[in-house]
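File shown: query32.pdb. Contents: PDB, C-alpha atoms.
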ATOM      1  CA  MET A   1      29.754   9.013 103.780
ATOM      2  CA  GLU A   2      31.695   5.847 104.435
ATOM      3  CA  VAL A   3      34.622   4.901 102.196
ATOM      4  CA  ILE A   4      35.589   1.244 102.112
ATOM      5  CA  ARG A   5      38.812   0.040 100.527
ATOM      6  CA  GLU A   6      38.762  -3.679  99.914
ATOM      7  CA  ILE A   7      41.142  -5.715  97.757
ATOM      8  CA  ASP A   8      39.800  -9.161  98.623
ATOM      9  CA  PRO A   9      37.306  -9.966  95.805
ATOM     10  CA  ALA A  10      34.929 -11.921  98.047
ATOM     11  CA  LYS A  11      34.775  -9.164 100.655
ATOM     12  CA  ALA A  12      34.495  -6.491  97.954
ATOM     13  CA  ALA A  13      31.534  -8.326  96.402
ATOM     14  CA  GLU A  14      29.870  -8.370  99.804
ATOM     15  CA  GLN A  15      30.480  -4.626 100.299
ATOM     16  CA  LEU A  16      29.143  -3.869  96.805
ATOM     17  CA  ARG A  17      25.657  -5.062  97.795
ATOM     18  CA  ASP A  18      25.011  -1.871  99.772
ATOM     19  CA  ALA A  19      27.298   0.526  97.915
ATOM     20  CA  ASP A  20      26.063   3.655  96.153
ATOM     21  CA  ILE A  21      29.356   4.284  94.337
ATOM     22  CA  PHE A  22      32.057   1.907  93.136
ATOM     23  CA  CYS A  23      35.544   2.999  92.062
ATOM     24  CA  GLY A  24      37.870   0.456  90.488
ATOM     25  CA  PHE A  25      38.700  -1.450  87.322
ATOM     26  CA  ASP A  26      36.050  -4.152  87.323
ATOM     27  CA  LEU A  27      33.043  -4.945  89.460
ATOM     28  CA  PRO A  28      33.792  -7.690  91.990
ATOM     29  CA  ALA A  29      30.216  -9.030  91.623
ATOM     30  CA  SER A  30      27.232  -8.974  89.309
ATOM     31  CA  ILE A  31      25.366  -5.711  88.873
ATOM     32  CA  GLU A  32      22.175  -7.473  89.979
ATOM     33  CA  THR A  33      23.560  -7.951  93.498
ATOM     34  CA  ALA A  34      24.361  -4.235  93.837
ATOM     35  CA  LYS A  35      20.837  -3.016  94.549
ATOM     36  CA  ASP A  36      21.827   0.534  95.608
ATOM     37  CA  LEU A  37      24.577   1.149  93.057
ATOM     38  CA  LYS A  38      24.194   4.461  91.227
ATOM     39  CA  TRP A  39      27.656   5.284  89.922
ATOM     40  CA  ILE A  40      30.708   3.347  88.757
ATOM     41  CA  GLN A  41      33.950   5.320  88.382
ATOM     42  CA  LEU A  42      36.411   3.217  86.409
ATOM     43  CA  VAL A  43      40.146   3.762  86.806
ATOM     44  CA  SER A  44      40.642   2.702  83.189
ATOM     45  CA  ALA A  45      40.098   4.742  80.030
ATOM     46  CA  GLY A  46      37.778   2.212  78.429
ATOM     47  CA  ALA A  47      34.545   0.701  79.662
ATOM     48  CA  GLU A  48      34.044  -2.058  77.093
ATOM     49  CA  HIS A  49      34.784  -4.757  79.654
ATOM     50  CA  MET A  50      31.796  -3.540  81.683
ATOM     51  CA  TYR A  51      29.238  -4.230  78.952
ATOM     52  CA  LYS A  52      29.250  -7.935  79.689
ATOM     53  CA  ALA A  53      28.275  -7.206  83.281
ATOM     54  CA  GLY A  54      24.857  -5.881  82.223
ATOM     55  CA  ILE A  55      25.788  -2.273  82.941
ATOM     56  CA  ARG A  56      24.542  -0.978  79.612
ATOM     57  CA  GLU A  57      20.998  -2.139  80.378
ATOM     58  CA  SER A  58      21.021  -0.659  83.883
ATOM     59  CA  ASP A  59      20.463   2.892  85.153
ATOM     60  CA  VAL A  60      23.928   2.980  86.730
ATOM     61  CA  LEU A  61      26.135   5.888  85.607
ATOM     62  CA  VAL A  62      29.552   4.761  84.346
ATOM     63  CA  THR A  63      32.422   7.237  84.084
ATOM     64  CA  THR A  64      36.001   6.512  83.067
ATOM     65  CA  ALA A  65      39.471   7.903  83.590
ATOM     66  CA  SER A  66      39.824   8.679  79.889
ATOM     67  CA  GLY A  67      42.231  11.537  79.351
ATOM     68  CA  VAL A  68      44.014  11.494  82.698
ATOM     69  CA  HIS A  69      47.290  10.396  81.107
ATOM     70  CA  VAL A  70      47.225  12.465  77.902
ATOM     71  CA  HIS A  71      49.988  14.849  78.972
ATOM     72  CA  ALA A  72      52.233  12.071  80.273
ATOM     73  CA  MET A  73      51.661  10.019  77.101
ATOM     74  CA  ALA A  74      52.540  12.975  74.856
ATOM     75  CA  GLU A  75      55.704  13.589  76.892
ATOM     76  CA  TYR A  76      56.604   9.902  76.680
ATOM     77  CA  ALA A  77      56.127   9.929  72.902
ATOM     78  CA  VAL A  78      58.513  12.875  72.512
ATOM     79  CA  CYS A  79      61.002  11.289  74.915
ATOM     80  CA  ALA A  80      60.911   7.968  73.035
ATOM     81  CA  MET A  81      61.480   9.682  69.687
ATOM     82  CA  VAL A  82      64.533  11.528  70.985
ATOM     83  CA  MET A  83      65.827   8.411  72.730
ATOM     84  CA  LEU A  84      65.575   6.327  69.560
ATOM     85  CA  ALA A  85      66.959   9.058  67.279
ATOM     86  CA  ARG A  86      69.952   9.460  69.595
ATOM     87  CA  ARG A  87      70.340   5.652  69.779
ATOM     88  CA  ILE A  88      70.346   5.707  73.564
ATOM     89  CA  PRO A  89      69.254   2.032  73.901
ATOM     90  CA  GLU A  90      72.620   1.051  72.386
ATOM     91  CA  VAL A  91      74.690   2.994  74.919
ATOM     92  CA  PRO A  92      74.661   0.519  77.870
ATOM     93  CA  LYS A  93      75.884  -2.307  75.622
ATOM     94  CA  GLU A  94      78.625  -0.099  74.191
ATOM     95  CA  PHE A  95      79.696   0.966  77.673
ATOM     96  CA  GLU A  96      79.764  -2.637  78.850
ATOM     97  CA  GLU A  97      81.828  -3.713  75.843
ATOM     98  CA  ARG A  98      83.984  -0.565  76.096
ATOM     99  CA  GLN A  99      83.206   0.293  72.493
ATOM    100  CA  TRP A 100      83.227   3.833  71.188
ATOM    101  CA  PRO A 101      82.012   3.594  67.596
ATOM    102  CA  PRO A 102      83.692   6.168  65.306
ATOM    103  CA  GLN A 103      80.341   7.103  63.778
ATOM    104  CA  ARG A 104      79.263   8.334  67.218
ATOM    105  CA  PRO A 105      81.955  10.764  68.306
ATOM    106  CA  GLY A 106      79.915  12.308  71.122
ATOM    107  CA  PHE A 107      77.875  10.771  73.906
ATOM    108  CA  CYS A 108      74.610   9.504  72.441
ATOM    109  CA  SER A 109      75.150  11.488  69.275
ATOM    110  CA  GLY A 110      72.897   9.482  66.954
ATOM    111  CA  GLU A 111      70.802  11.666  64.706
ATOM    112  CA  ALA A 112      69.328  15.088  65.472
ATOM    113  CA  MET A 113      65.550  15.499  65.561
ATOM    114  CA  SER A 114      65.782  19.008  64.128
ATOM    115  CA  GLY A 115      64.106  19.192  60.723
ATOM    116  CA  LYS A 116      62.404  15.790  61.043
ATOM    117  CA  ARG A 117      58.696  15.221  60.432
ATOM    118  CA  VAL A 118      56.679  13.409  63.039
ATOM    119  CA  GLY A 119      53.383  11.598  62.540
ATOM    120  CA  ASN A 120      50.956  10.263  65.103
ATOM    121  CA  LEU A 121      49.628   6.805  64.310
ATOM    122  CA  ALA A 122      48.253   6.104  67.795
ATOM    123  CA  PRO A 123      44.607   5.026  67.975
ATOM    124  CA  GLY A 124      43.964   7.100  71.110
ATOM    125  CA  ARG A 125      44.265  10.722  72.108
ATOM    126  CA  VAL A 126      47.688  12.144  72.862
ATOM    127  CA  ARG A 127      46.426  15.667  73.342
ATOM    128  CA  PRO A 128      44.290  17.248  76.027
ATOM    129  CA  PRO A 129      40.559  16.647  75.548
TER
END

Can you turn what I pasted into structure tokens?
Amino acid sequence: MEVIREIDPAKAAEQLRDADIFCGFDLPASIETAKDLKWIQLVSAGAEHMYKAGIRESDVLVTTASGVHVHAMAEYAVCAMVMLARRIPEVPKEFEERQWPPQRPGFCSGEAMSGKRVGNLAPGRVRPP
């Protein structure tokens, strides 16, 4: 097996002609020029952008990276909720202006998350598949 890493689009298109497998975000050339291509591994979660390349009509297997970031995204969502509830984005400005608002007696006091209800309105998955 030979692995070729190419970031130059023209050179990548040339290498794709004889490739069996492609890994990346988007094909550097038309599917018709890739006569030996059998598998495309996308580094993105979605593959909609590949439909225009004629992939759907071909026998080439397309797999995606869907789900690889579900744990990190869930952790980010929790972190962002706590950060906003505790009003952390306001802290650097207050430090810079040397302001210590009386309604915030402690560092980043804001509002506690305890007892709050949380809803998920995200269109994607934020849980393991």

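Picture a line from atom CA of A:Ile88 to atom CA of A:Gly119; it runs 21.1 Å.
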
Selected residue, from A:Val60, A:Ile55, A:Met73, A:Leu84, that lies nearest to A:Lys38 when counting all atoms listed in the file
A:Val60

Please evaluate the PyMOL selection byres ((chain A and resi 65) around 8) against the structure above and give the resulting residues as a ChimeraX atom specification.
/A:41-46,63-64,66-68

What lies within 12 Å of A:Met81 using only C-alpha atoms, ignoring chain neighbours under 3 positions off, as an NGL selection string?
:A and (74-78 or 84-89 or 110-114 or 116-120)

To one decimal place, how far is atom CA of A:Asp20 from atom CA of A:Val62 in Å?
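These atoms are spaced 12.4 Å apart.
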
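One distance worth recording is that between atom CA of A:Ala29 and atom CA of A:Lys11, which is 10.1 Å.
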
Taking all atoms of stretch 50-68 of chain A that appear in the file, build a box with edges along x, y and z, extend it by 6 Å on every side, and state its centre and edge lengths in Å to one decimal, as JSON.
{"center_x": 32.2, "center_y": 1.8, "center_z": 82.8, "size_x": 35.6, "size_y": 31.5, "size_z": 19.8}

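Every polymer residue reaching to within 12 Å of (22.9, -4.2, 98.2), counting all atoms listed in the file, appears in this list: Ala12, Ala13, Glu14, Gln15, Leu16, Arg17, Asp18, Ala19, Asp20, Ile21, Ala29, Ser30, Ile31, Glu32, Thr33, Ala34, Lys35, Asp36, Leu37 and Lys38 of chain A.
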
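Minimum distance to A:Glu6 across A:Pro92, A:Gly54, A:Pro28, A:Gly115 (counting all atoms listed in the file) occurs at A:Pro28.
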
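Residue nearest A:Asp59 within the list A:Leu27, A:Ile40, A:Ala47, A:Ala80: A:Ile40 [criterion: smallest interatomic distance, all atoms listed in the file].
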